[in-house]
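What's in model-v4.cif: mmCIF, C-alpha atoms
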data_coords
#
loop_
_atom_site.label_atom_id
_atom_site.label_comp_id
_atom_site.auth_asym_id
_atom_site.auth_seq_id
_atom_site.Cartn_x
_atom_site.Cartn_y
_atom_site.Cartn_z
CA MET A 1 61.66 -57.63 56.89
CA ARG A 2 59.53 -55.32 54.80
CA CYS A 3 56.01 -56.56 54.16
CA SER A 4 54.97 -56.82 50.49
CA TYR A 5 51.34 -55.86 49.94
CA ILE A 6 50.93 -56.72 46.27
CA ARG A 7 51.58 -59.69 44.03
CA LEU A 8 54.71 -58.64 42.19
CA VAL A 9 53.62 -58.82 38.56
CA PRO A 10 54.46 -56.23 35.88
CA ALA A 11 52.26 -53.15 36.01
CA ALA A 12 51.25 -53.50 32.35
CA VAL A 13 49.99 -56.99 33.06
CA VAL A 14 47.99 -55.79 36.05
CA LEU A 15 46.42 -52.98 34.04
CA LEU A 16 45.59 -54.80 30.84
CA THR A 17 45.16 -58.41 31.87
CA VAL A 18 41.83 -60.10 31.29
CA LEU A 19 40.57 -61.99 34.29
CA ALA A 20 37.76 -64.51 34.53
CA VAL A 21 35.13 -63.38 37.03
CA ASN A 22 31.87 -65.30 37.37
CA GLY A 23 32.63 -67.00 34.08
CA ASN A 24 32.89 -63.75 32.12
CA ALA A 25 36.01 -62.04 30.83
CA GLN A 26 36.48 -58.76 32.69
CA ALA A 27 39.12 -56.34 31.44
CA ILE A 28 40.74 -53.38 33.13
CA VAL A 29 41.14 -50.72 30.46
CA PRO A 30 42.70 -47.24 30.53
CA PHE A 31 40.28 -44.31 30.66
CA LYS A 32 40.51 -40.57 30.06
CA ILE A 33 37.84 -37.96 30.75
CA GLN A 34 36.74 -36.48 27.43
CA VAL A 35 33.55 -34.42 27.67
CA PRO A 36 32.14 -33.57 24.20
CA ASP A 37 32.16 -29.92 23.16
CA SER A 38 28.41 -30.15 22.59
CA VAL A 39 27.84 -30.91 26.28
CA LEU A 40 29.81 -27.84 27.34
CA ALA A 41 28.02 -25.63 24.80
CA GLU A 42 24.62 -26.83 26.02
CA LEU A 43 25.67 -26.16 29.62
CA LYS A 44 26.66 -22.58 28.78
CA ARG A 45 23.32 -22.03 27.05
CA ARG A 46 21.41 -23.25 30.10
CA LEU A 47 23.48 -21.09 32.44
CA ALA A 48 22.85 -18.03 30.28
CA GLN A 49 19.08 -18.63 30.49
CA ALA A 50 18.99 -19.40 34.22
CA ARG A 51 15.90 -18.30 36.16
CA PHE A 52 16.39 -17.87 39.91
CA ALA A 53 13.91 -18.14 42.75
CA ASP A 54 13.12 -15.10 44.87
CA GLU A 55 14.50 -14.70 48.39
CA PHE A 56 13.90 -12.65 51.54
CA GLN A 57 16.31 -9.78 51.98
CA ASP A 58 17.73 -11.15 55.23
CA ALA A 59 17.47 -14.88 54.42
CA GLY A 60 21.20 -15.64 54.49
CA TRP A 61 21.51 -19.43 54.35
CA ASP A 62 18.62 -20.08 56.76
CA TYR A 63 16.20 -21.19 54.03
CA GLY A 64 18.80 -23.06 51.98
CA THR A 65 21.31 -21.96 49.37
CA ASN A 66 21.91 -18.21 49.54
CA LEU A 67 20.72 -16.47 46.37
CA ALA A 68 23.55 -13.96 46.11
CA TYR A 69 26.18 -16.65 46.46
CA LEU A 70 24.45 -18.93 43.97
CA LYS A 71 24.30 -16.10 41.43
CA SER A 72 28.02 -15.43 41.90
CA ILE A 73 28.81 -19.11 41.32
CA VAL A 74 26.62 -19.28 38.21
CA GLU A 75 28.15 -16.10 36.78
CA TYR A 76 31.66 -17.45 37.31
CA TRP A 77 30.64 -20.84 35.89
CA ARG A 78 29.19 -19.24 32.77
CA ASP A 79 31.91 -16.67 32.04
CA ARG A 80 35.21 -17.73 33.62
CA TYR A 81 35.29 -21.37 34.62
CA ASP A 82 37.53 -23.53 32.39
CA TRP A 83 36.45 -27.18 32.39
CA ARG A 84 39.15 -28.17 29.89
CA ALA A 85 41.85 -27.04 32.32
CA GLN A 86 40.23 -29.07 35.12
CA GLU A 87 39.79 -32.06 32.81
CA LYS A 88 43.48 -31.93 31.88
CA ARG A 89 44.47 -31.81 35.55
CA LEU A 90 42.29 -34.82 36.42
CA ASN A 91 43.62 -36.74 33.42
CA ALA A 92 47.13 -36.44 34.85
CA PHE A 93 46.08 -39.27 37.16
CA ASP A 94 46.04 -42.87 35.92
CA GLN A 95 42.38 -43.80 35.38
CA PHE A 96 40.71 -47.02 34.34
CA LYS A 97 37.39 -48.76 33.90
CA THR A 98 36.27 -52.29 34.57
CA SER A 99 32.93 -54.05 34.87
CA ILE A 100 31.86 -55.36 38.29
CA ASP A 101 28.44 -56.74 39.18
CA GLY A 102 26.92 -55.46 35.95
CA VAL A 103 28.20 -51.87 36.25
CA ASP A 104 31.13 -50.16 34.52
CA ILE A 105 33.32 -48.88 37.33
CA HIS A 106 35.62 -45.89 36.91
CA PHE A 107 38.60 -45.53 39.22
CA ILE A 108 41.92 -43.80 39.70
CA HIS A 109 44.80 -46.23 40.27
CA GLN A 110 47.93 -44.26 41.06
CA ARG A 111 50.82 -46.57 41.88
CA SER A 112 53.85 -45.53 43.88
CA LYS A 113 57.36 -46.00 42.53
CA ASN A 114 57.96 -48.00 45.70
CA ALA A 115 56.98 -51.57 44.76
CA ASN A 116 56.41 -52.38 48.45
CA ALA A 117 54.02 -49.47 49.05
CA MET A 118 50.83 -50.25 50.93
CA PRO A 119 47.69 -50.38 48.74
CA LEU A 120 45.14 -47.88 50.04
CA LEU A 121 41.54 -47.70 48.85
CA LEU A 122 40.02 -44.22 49.33
CA LEU A 123 36.22 -43.98 49.46
CA ASN A 124 34.14 -40.80 49.35
CA GLY A 125 30.42 -40.18 49.70
CA TRP A 126 27.69 -37.82 48.51
CA PRO A 127 27.74 -35.12 47.19
CA SER A 128 31.44 -35.62 46.63
CA SER A 129 33.52 -37.26 43.92
CA ILE A 130 37.04 -38.40 43.07
CA ILE A 131 38.26 -34.82 43.58
CA GLU A 132 37.88 -35.24 47.35
CA TYR A 133 41.26 -37.00 47.31
CA GLU A 134 43.07 -35.24 44.47
CA LYS A 135 45.17 -33.08 46.82
CA VAL A 136 46.55 -36.09 48.71
CA ILE A 137 47.36 -38.46 45.84
CA GLY A 138 50.84 -36.99 45.32
CA PRO A 139 51.91 -37.01 48.99
CA LEU A 140 50.56 -40.57 49.42
CA THR A 141 52.19 -42.10 46.35
CA ASP A 142 55.44 -40.10 46.42
CA PRO A 143 56.01 -38.87 49.98
CA VAL A 144 59.71 -38.18 49.34
CA ALA A 145 58.77 -35.41 46.89
CA TYR A 146 56.80 -33.77 49.73
CA GLY A 147 59.49 -34.10 52.39
CA GLY A 148 58.43 -37.52 53.70
CA ARG A 149 59.85 -41.04 53.74
CA ASP A 150 59.70 -43.61 50.97
CA LEU A 151 58.62 -46.33 53.41
CA ASP A 152 55.41 -44.34 54.06
CA SER A 153 54.24 -44.56 50.43
CA PHE A 154 50.95 -45.98 49.15
CA HIS A 155 49.47 -47.35 45.96
CA VAL A 156 46.22 -45.37 45.76
CA VAL A 157 42.87 -46.60 44.39
CA ILE A 158 39.92 -44.19 44.23
CA PRO A 159 36.73 -45.60 42.68
CA SER A 160 33.57 -43.77 41.65
CA MET A 161 30.58 -45.49 43.25
CA PRO A 162 27.89 -47.04 41.02
CA GLY A 163 25.77 -44.17 39.74
CA PHE A 164 28.42 -41.58 40.63
CA GLY A 165 30.51 -39.60 38.17
CA PHE A 166 32.17 -41.56 35.40
CA SER A 167 31.02 -44.96 36.68
CA GLY A 168 27.99 -46.55 35.05
CA LYS A 169 24.46 -46.29 36.38
CA PRO A 170 22.83 -49.38 37.91
CA ARG A 171 19.83 -50.63 35.93
CA GLU A 172 18.18 -52.46 38.81
CA ARG A 173 17.43 -52.03 42.50
CA GLY A 174 19.71 -53.04 45.32
CA TYR A 175 23.07 -51.29 44.91
CA ASN A 176 23.30 -50.51 48.61
CA PRO A 177 26.44 -50.07 50.77
CA GLU A 178 26.72 -53.80 51.47
CA ARG A 179 26.65 -54.61 47.76
CA ILE A 180 29.08 -51.80 46.93
CA ALA A 181 31.47 -53.08 49.61
CA ARG A 182 31.50 -56.47 47.88
CA MET A 183 32.20 -54.73 44.57
CA TRP A 184 35.25 -52.97 46.03
CA VAL A 185 36.51 -56.26 47.46
CA GLN A 186 36.35 -57.61 43.90
CA LEU A 187 38.08 -54.51 42.54
CA MET A 188 41.05 -54.81 44.89
CA ALA A 189 41.37 -58.52 44.13
CA ARG A 190 41.21 -57.81 40.40
CA LEU A 191 44.05 -55.32 40.77
CA GLY A 192 46.14 -58.06 42.35
CA TYR A 193 46.20 -56.74 45.91
CA THR A 194 46.21 -59.49 48.52
CA ARG A 195 46.65 -57.20 51.55
CA TYR A 196 45.35 -53.64 51.52
CA ALA A 197 44.06 -50.82 53.68
CA VAL A 198 40.91 -48.76 53.27
CA HIS A 199 39.86 -45.24 54.26
CA GLY A 200 36.38 -43.79 54.04
CA SER A 201 34.43 -40.60 54.63
CA ASP A 202 30.64 -40.19 54.60
CA TRP A 203 29.22 -43.20 52.68
CA GLY A 204 32.79 -44.41 52.34
CA ASN A 205 32.92 -44.75 56.12
CA GLY A 206 30.12 -47.33 56.20
CA ILE A 207 31.32 -49.10 53.05
CA ALA A 208 34.86 -49.36 54.45
CA THR A 209 33.42 -50.85 57.64
CA ARG A 210 31.53 -53.47 55.64
CA MET A 211 34.66 -54.31 53.64
CA ALA A 212 36.63 -54.89 56.84
CA LEU A 213 33.87 -57.24 58.01
CA ASP A 214 33.39 -59.00 54.66
CA ASP A 215 37.06 -59.37 53.71
CA PRO A 216 39.04 -59.65 56.98
CA THR A 217 41.72 -61.82 55.38
CA HIS A 218 42.77 -59.06 53.01
CA VAL A 219 41.90 -55.79 54.80
CA VAL A 220 45.03 -55.10 56.83
CA ALA A 221 43.75 -51.89 58.44
CA MET A 222 40.98 -49.32 58.24
CA HIS A 223 41.00 -45.56 58.79
CA ILE A 224 37.75 -43.63 58.74
CA ALA A 225 36.81 -39.97 59.06
CA GLY A 226 35.31 -40.34 62.51
CA CYS A 227 33.99 -43.42 64.26
CA GLY A 228 30.84 -41.69 65.43
CA GLY A 229 30.52 -40.06 68.80
CA ALA A 230 28.86 -40.05 72.17
CA PRO A 231 25.17 -39.13 72.37
CA THR A 232 24.38 -35.45 72.35
CA VAL A 233 23.58 -33.61 75.56
CA PRO A 234 20.14 -31.97 75.33
CA ALA A 235 20.10 -28.19 75.19
CA ASN A 236 18.16 -28.05 78.48
CA ALA A 237 20.59 -30.25 80.41
CA GLY A 238 21.72 -27.46 82.74
CA ASN A 239 25.45 -27.17 83.40
CA GLN A 240 26.18 -30.15 81.16
CA ALA A 241 24.77 -28.47 78.07
CA ARG A 242 27.27 -27.97 75.27
CA PRO A 243 27.48 -24.54 73.63
CA ALA A 244 26.03 -24.01 70.17
CA LEU A 245 28.41 -24.20 67.24
CA PRO A 246 29.51 -20.80 65.94
CA ASN A 247 27.64 -19.76 62.79
CA SER A 248 25.33 -22.77 63.05
CA ALA A 249 22.70 -21.86 60.45
CA VAL A 250 19.97 -24.38 61.13
CA ASN A 251 18.94 -27.05 63.58
CA ALA A 252 19.03 -30.80 63.09
CA ALA A 253 15.52 -31.07 61.66
CA HIS A 254 16.30 -28.59 58.89
CA ASN A 255 19.57 -30.33 58.08
CA LEU A 256 18.06 -33.75 57.47
CA GLY A 257 15.45 -32.81 54.87
CA TYR A 258 17.70 -33.88 51.99
CA GLN A 259 17.93 -37.40 53.49
CA GLU A 260 14.16 -37.76 53.60
CA ILE A 261 13.80 -36.75 49.96
CA GLN A 262 16.68 -38.83 48.58
CA SER A 263 15.76 -41.92 50.56
CA THR A 264 12.06 -41.84 49.63
CA LYS A 265 11.51 -39.93 46.34
CA PRO A 266 14.89 -39.52 44.60
CA GLN A 267 13.36 -39.61 41.12
CA THR A 268 11.07 -36.67 41.83
CA LEU A 269 14.00 -34.52 42.89
CA GLY A 270 16.19 -36.06 40.21
CA GLN A 271 14.32 -34.56 37.28
CA ALA A 272 15.31 -31.07 38.45
CA LEU A 273 18.92 -32.16 39.09
CA SER A 274 19.16 -33.59 35.57
CA ASP A 275 17.50 -30.66 33.78
CA SER A 276 18.95 -27.63 35.55
CA PRO A 277 22.64 -27.00 36.22
CA VAL A 278 21.62 -24.18 38.57
CA GLY A 279 19.34 -26.55 40.49
CA LEU A 280 22.12 -29.13 40.72
CA ALA A 281 24.60 -26.52 41.92
CA SER A 282 22.16 -25.21 44.52
CA TRP A 283 21.46 -28.71 45.87
CA ILE A 284 25.14 -29.63 46.16
CA ILE A 285 26.59 -26.31 47.33
CA GLU A 286 24.13 -26.08 50.22
CA LYS A 287 25.61 -29.30 51.64
CA TRP A 288 29.20 -28.16 51.12
CA TYR A 289 28.34 -24.94 52.93
CA GLY A 290 26.57 -26.71 55.78
CA TRP A 291 29.16 -29.43 56.27
CA SER A 292 32.42 -27.47 56.07
CA ASP A 293 34.40 -25.46 58.61
CA HIS A 294 34.55 -21.92 57.21
CA ASP A 295 33.07 -19.35 59.66
CA GLY A 296 30.40 -18.32 57.17
CA ASP A 297 32.64 -17.86 54.12
CA LEU A 298 32.76 -21.04 52.04
CA GLU A 299 35.61 -19.74 49.91
CA LYS A 300 37.90 -19.64 52.92
CA VAL A 301 38.37 -23.37 52.31
CA PHE A 302 37.28 -24.01 48.70
CA THR A 303 37.79 -22.00 45.53
CA LYS A 304 35.00 -21.56 43.01
CA ASP A 305 36.96 -23.79 40.63
CA GLU A 306 37.08 -26.56 43.23
CA LEU A 307 33.38 -26.33 44.01
CA LEU A 308 32.43 -26.24 40.33
CA THR A 309 34.67 -29.13 39.29
CA ASN A 310 32.88 -31.35 41.76
CA ILE A 311 29.51 -30.13 40.44
CA MET A 312 30.68 -30.59 36.85
CA ILE A 313 31.45 -34.25 37.47
CA TYR A 314 27.80 -34.69 38.41
CA TRP A 315 26.52 -32.53 35.52
CA VAL A 316 28.49 -33.90 32.58
CA THR A 317 27.66 -37.48 33.60
CA ASN A 318 24.02 -36.72 34.48
CA SER A 319 24.54 -38.51 37.79
CA GLY A 320 22.62 -36.24 40.16
CA THR A 321 19.71 -38.68 40.28
CA SER A 322 21.62 -41.96 40.09
CA SER A 323 23.93 -40.89 42.93
CA ALA A 324 21.01 -39.79 45.13
CA ARG A 325 19.50 -43.29 44.90
CA ILE A 326 22.11 -44.67 47.29
CA TYR A 327 20.02 -43.12 50.08
CA TYR A 328 16.93 -45.01 48.92
CA GLU A 329 18.83 -48.28 48.48
CA SER A 330 20.46 -48.01 51.89
CA ARG A 331 17.25 -47.12 53.69
CA HIS A 332 15.49 -50.11 52.09
CA MET A 333 18.33 -52.63 52.29
CA LEU A 334 16.70 -54.38 55.26
CA GLY A 335 13.26 -54.40 53.62
CA PRO A 336 10.77 -51.72 54.75
CA LEU A 337 11.78 -48.09 55.09
CA ALA A 338 14.37 -47.86 57.88
CA PRO A 339 14.44 -44.96 60.38
CA THR A 340 17.66 -43.61 58.80
CA PRO A 341 19.58 -44.34 55.58
CA PHE A 342 22.63 -45.52 57.52
CA PRO A 343 21.96 -48.96 59.04
CA ARG A 344 25.03 -50.17 60.92
CA PRO A 345 26.37 -53.74 60.79
CA ASP A 346 26.02 -55.56 64.09
CA ALA A 347 29.49 -57.17 64.00
CA ARG A 348 32.68 -55.60 65.38
CA VAL A 349 35.60 -54.82 63.06
CA ASN A 350 38.75 -56.70 64.13
CA ALA A 351 41.16 -54.94 61.77
CA PRO A 352 43.22 -52.18 63.42
CA THR A 353 41.10 -49.06 63.09
CA GLY A 354 42.05 -45.41 63.06
CA CYS A 355 39.36 -42.84 63.92
CA GLY A 356 40.24 -39.37 62.64
CA SER A 357 37.39 -36.98 63.42
CA PHE A 358 36.92 -33.40 62.25
CA PRO A 359 34.79 -31.08 64.43
CA LEU A 360 32.36 -29.93 61.73
CA GLN A 361 32.18 -33.07 59.60
CA TYR A 362 28.55 -33.74 60.52
CA ASP A 363 25.47 -31.63 59.89
CA ARG A 364 25.81 -28.36 61.76
CA ARG A 365 23.77 -28.96 64.88
CA ASP A 366 23.28 -26.90 67.99
CA ASN A 367 24.23 -30.02 69.99
CA PRO A 368 26.97 -31.74 67.96
CA LEU A 369 28.17 -35.28 68.55
CA ASP A 370 31.04 -35.42 71.00
CA THR A 371 33.94 -37.10 69.21
CA SER A 372 36.71 -36.40 71.72
CA SER A 373 35.53 -37.66 75.12
CA ALA A 374 36.21 -40.96 76.85
CA GLU A 375 32.55 -41.78 76.32
CA ALA A 376 32.96 -41.30 72.58
CA ARG A 377 36.00 -43.59 72.45
CA LYS A 378 34.16 -46.24 74.45
CA ALA A 379 31.30 -46.11 71.93
CA ALA A 380 33.77 -46.45 69.05
CA GLU A 381 35.59 -49.38 70.68
CA ALA A 382 32.32 -51.28 70.88
CA ARG A 383 32.26 -51.32 67.05
CA TYR A 384 35.94 -51.20 66.06
CA ASN A 385 39.38 -52.39 67.12
CA VAL A 386 40.42 -48.80 67.83
CA VAL A 387 44.18 -48.24 67.95
CA HIS A 388 44.18 -44.57 66.92
CA PHE A 389 41.63 -41.98 68.05
CA THR A 390 41.98 -38.28 67.29
CA THR A 391 39.90 -35.15 66.76
CA MET A 392 41.41 -32.46 64.56
CA PRO A 393 41.42 -28.80 65.66
CA HIS A 394 39.31 -27.80 62.66
CA GLY A 395 37.85 -29.20 59.45
CA GLY A 396 34.61 -30.57 58.13
CA HIS A 397 32.91 -33.24 56.06
CA PHE A 398 35.40 -33.47 53.16
CA PRO A 399 38.61 -33.51 55.20
CA ALA A 400 41.14 -34.72 52.62
CA PHE A 401 40.02 -31.89 50.32
CA GLU A 402 39.29 -29.25 52.94
CA GLN A 403 42.23 -29.86 55.29
CA PRO A 404 44.69 -32.07 53.37
CA ARG A 405 47.64 -31.35 55.67
CA LEU A 406 45.76 -32.39 58.82
CA TRP A 407 44.27 -35.40 57.03
CA LEU A 408 47.69 -36.55 55.81
CA GLU A 409 49.19 -36.13 59.28
CA ASP A 410 46.49 -38.29 60.80
CA ILE A 411 46.73 -40.93 58.07
CA GLY A 412 50.52 -40.96 58.44
CA ALA A 413 50.44 -41.38 62.21
CA PHE A 414 47.93 -44.22 62.04
CA PHE A 415 49.60 -46.18 59.25
CA ALA A 416 53.07 -45.76 60.74
CA SER A 417 51.91 -47.94 63.63
CA VAL A 418 50.17 -50.35 61.28
CA ARG A 419 53.29 -50.81 59.14
CA LYS A 420 55.42 -51.32 62.25
CA ASN A 421 53.22 -54.18 63.36
CA GLU A 422 53.09 -55.64 59.81
CA ARG A 423 56.87 -55.96 59.50
#
Rewrite the structure from the file as structure tokens, please.
Amino acid sequence: MRCSYIRLVPAAVVLLTVLAVNGNAQAIVPFKIQVPDSVLAELKRRLAQARFADEFQDAGWDYGTNLAYLKSIVEYWRDRYDWRAQEKRLNAFDQFKTSIDGVDIHFIHQRSKNANAMPLLLLNGWPSSIIEYEKVIGPLTDPVAYGGRDLDSFHVVIPSMPGFGFSGKPRERGYNPERIARMWVQLMARLGYTRYAVHGSDWGNGIATRMALDDPTHVVAMHIAGCGGAPTVPANAGNQARPALPNSAVNAAHNLGYQEIQSTKPQTLGQALSDSPVGLASWIIEKWYGWSDHDGDLEKVFTKDELLTNIMIYWVTNSGTSSARIYYESRHMLGPLAPTPFPRPDARVNAPTGCGSFPLQYDRRDNPLDTSSAEARKAAEARYNVVHFTTMPHGGHFPAFEQPRLWLEDIGAFFASVRKNER
């Protein structure tokens, strides 16, 4: 017997019904992205008047964002980039807003034509956005159109985190991953889903883990972009030393500077991110360069349009600062400043878990985490009920956007086994 994952009520009722939550009426209302012309005109003016920092002739990317590449992006952004075309493409997806825990939440809710499709919540991190999953929405919701099987279809939900993109900005402290996980539990319940799966990358990884722990009755399975790895082998460990990554630009200490700033003084940085589109682009592109698998040429995996659409979502919503605060909130969620902004829950996830790692998804380090050894799987099994454990041949930090085919293959293999056990 096929397993039904959603209460079978008419879609219009699900989308427009008013539900009572905490004594207040909370509506789910349709939403379209409509950036005012004045915002775009002001952006073009700022780009035309951009002032760039100087750079050493042989700096490359060693000191941060490469000047020549940044200038090429800004020139394209100013003269050729078409936001209205990107806006139209994004508006082809079904989007909505609802209020949860005092914040207006924006989300894509793309339902499959298959009423018995599995609901799948897709969670991204920073500095990403809803576009991380735009390439996989079609194959997930309508696999037949892409050569797949109808029984492998999903209802897809992709929310923007509080302070990110078209979601509202929190007006108080404390919107940390644990709190956001509870918000997404409420969102899935409000959409009428009684059994659902969740996937996460970056911050979405930790939030998905917390959802599986907080809502075990309803989370049927979890897939995350890597379940961590075995400890690194020191560079001076003799024959056991692992070789350096090709084109690794900087060491671990250089890579983690952004964490220290965003988890201690996000407002100081944030003034520059809010005032300068070039500053915002520089801050974001440096991470996309450092976290992707491209052999030194970022546009081997992303077009300028793709990079700029992600940046535009931050710019037009003025969410560079509000999104960065998740680092501060996470690093202070246990009280005093924690050693890292990623405190892990102590409990073990019992839901079937798929670990799909990509070799360059973490900061480029000379001694990367080992995500493929028996030691790595043992470490993952201590935290998760691992039933699927793979490492892709290539790919980086934004796998569904960077390597959608490999990501879809891994998602498909994992959920095929989950569905088999659910029937």
> Taking all atoms listed in the file into account, which of A:Gly257, A:Gly165, A:Pro393, A:Gly320 comes nearest Ser274 of chain A?
Replying inline: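 Between A:Gly257, A:Gly165, A:Pro393, A:Gly320, the residue approaching Ser274 of chain A most closely is A:Gly320.
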> Of the candidates A:Ser292, A:Thr309, A:Leu213, A:Gly206, which shows the shortest atom-to-atom distance to Arg89 of chain A, using only C-alpha atoms?
Replying inline: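 Looking only at the distances to Arg89 of chain A, the closest residue turns out to be A:Thr309.
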> Residues picked by the PyMOL selection byres ((chain A and resi 389) around 12) here, as a ChimeraX atom specification?
Replying inline: /A:223-229,352-358,371-374,376-381,384-388,390-392,410-411,413-414
> Which polymer residues have any atom within 10 Å of an atom of Ile180 of chain A, counting only C-alpha atoms, with same-chain residues fewer than 5 positions away left out, as a PyMOL selection string?
Replying inline: chain A and resi 100-101+161-162+174-175+185-186+204+207-208+210-211+326
> Nearest to Asn114 of chain A among A:Gln49, A:Thr141, A:Ser167, A:Gln26, with distances taken over all atoms listed in the file: which residue is it?
Replying inline: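 Result for the nearest residue to Asn114 of chain A: A:Thr141.
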> Which residue out of A:Thr264, A:Gly395, A:Glu329, A:Arg348 has the minimum interatomic distance to Asp295 of chain A when all atoms listed in the file are used?
Replying inline: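 Closest to Asp295 of chain A, using all atoms listed in the file: A:Gly395.
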>> Could you tell me how far atom CA of Ile33 of chain A sits from atom CA of Ser128 of chain A, in Å to one decimal place?
In response: 17.3 Å
>> Give me, as a list in words, all polymer residues having an atom no more than 8 Å from Leu140 of chain A, counting only C-alpha atoms and skipping those fewer than 2 positions away in the same chain.
In response: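 In the requested format, the answer is Val136, Ile137, Gly138, Asp142, Pro143, Asp152, Ser153, Phe154, His155 and Val156 of chain A.
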> For this file, the PyMOL selection byres ((chain A and resi 31) around 9) selects which residues, as a list in words?
Replying inline: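 For this structure, the PyMOL selection byres ((chain A and resi 31) around 9) resolves to Val29, Pro30, Lys32, Ile33, Asn91, Asp94, Gln95, Phe96, Lys97, His106 and Phe107 of chain A.
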>> Report, in Å to a single decimal, how far apart atom CA of Ser160 of chain A and atom CA of Met222 of chain A are.
In response: 19.0 Å
> Exactly which residues make up the result of the PyMOL selection byres ((chain A and resi 270-273) around 10) on this file, given as a list of chain:residue names?
Replying inline: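 Evaluating the PyMOL selection byres ((chain A and resi 270-273) around 10) on these coordinates yields A:Gln262, A:Lys265, A:Pro266, A:Gln267, A:Thr268, A:Leu269, A:Ser274, A:Asp275, A:Ser276, A:Pro277, A:Val278, A:Gly279, A:Leu280, A:Ala281, A:Ser282, A:Trp283, A:Ile284, A:Tyr314, A:Trp315, A:Asn318, A:Ser319, A:Gly320, A:Thr321, A:Ser322, A:Ser323, A:Ala324, A:Arg325.
Relative to atom CA of Thr65 of chain A, atom CA of Tyr289 of chain A is found at 8.4 Å.
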> What lies within 7 Å of segment 396-398 of chain A using all atoms listed in the file, ignoring chain neighbours under 6 positions off, as an MDAnalysis selection string?
Replying inline: chainID A and resid 132 291:293 358:362
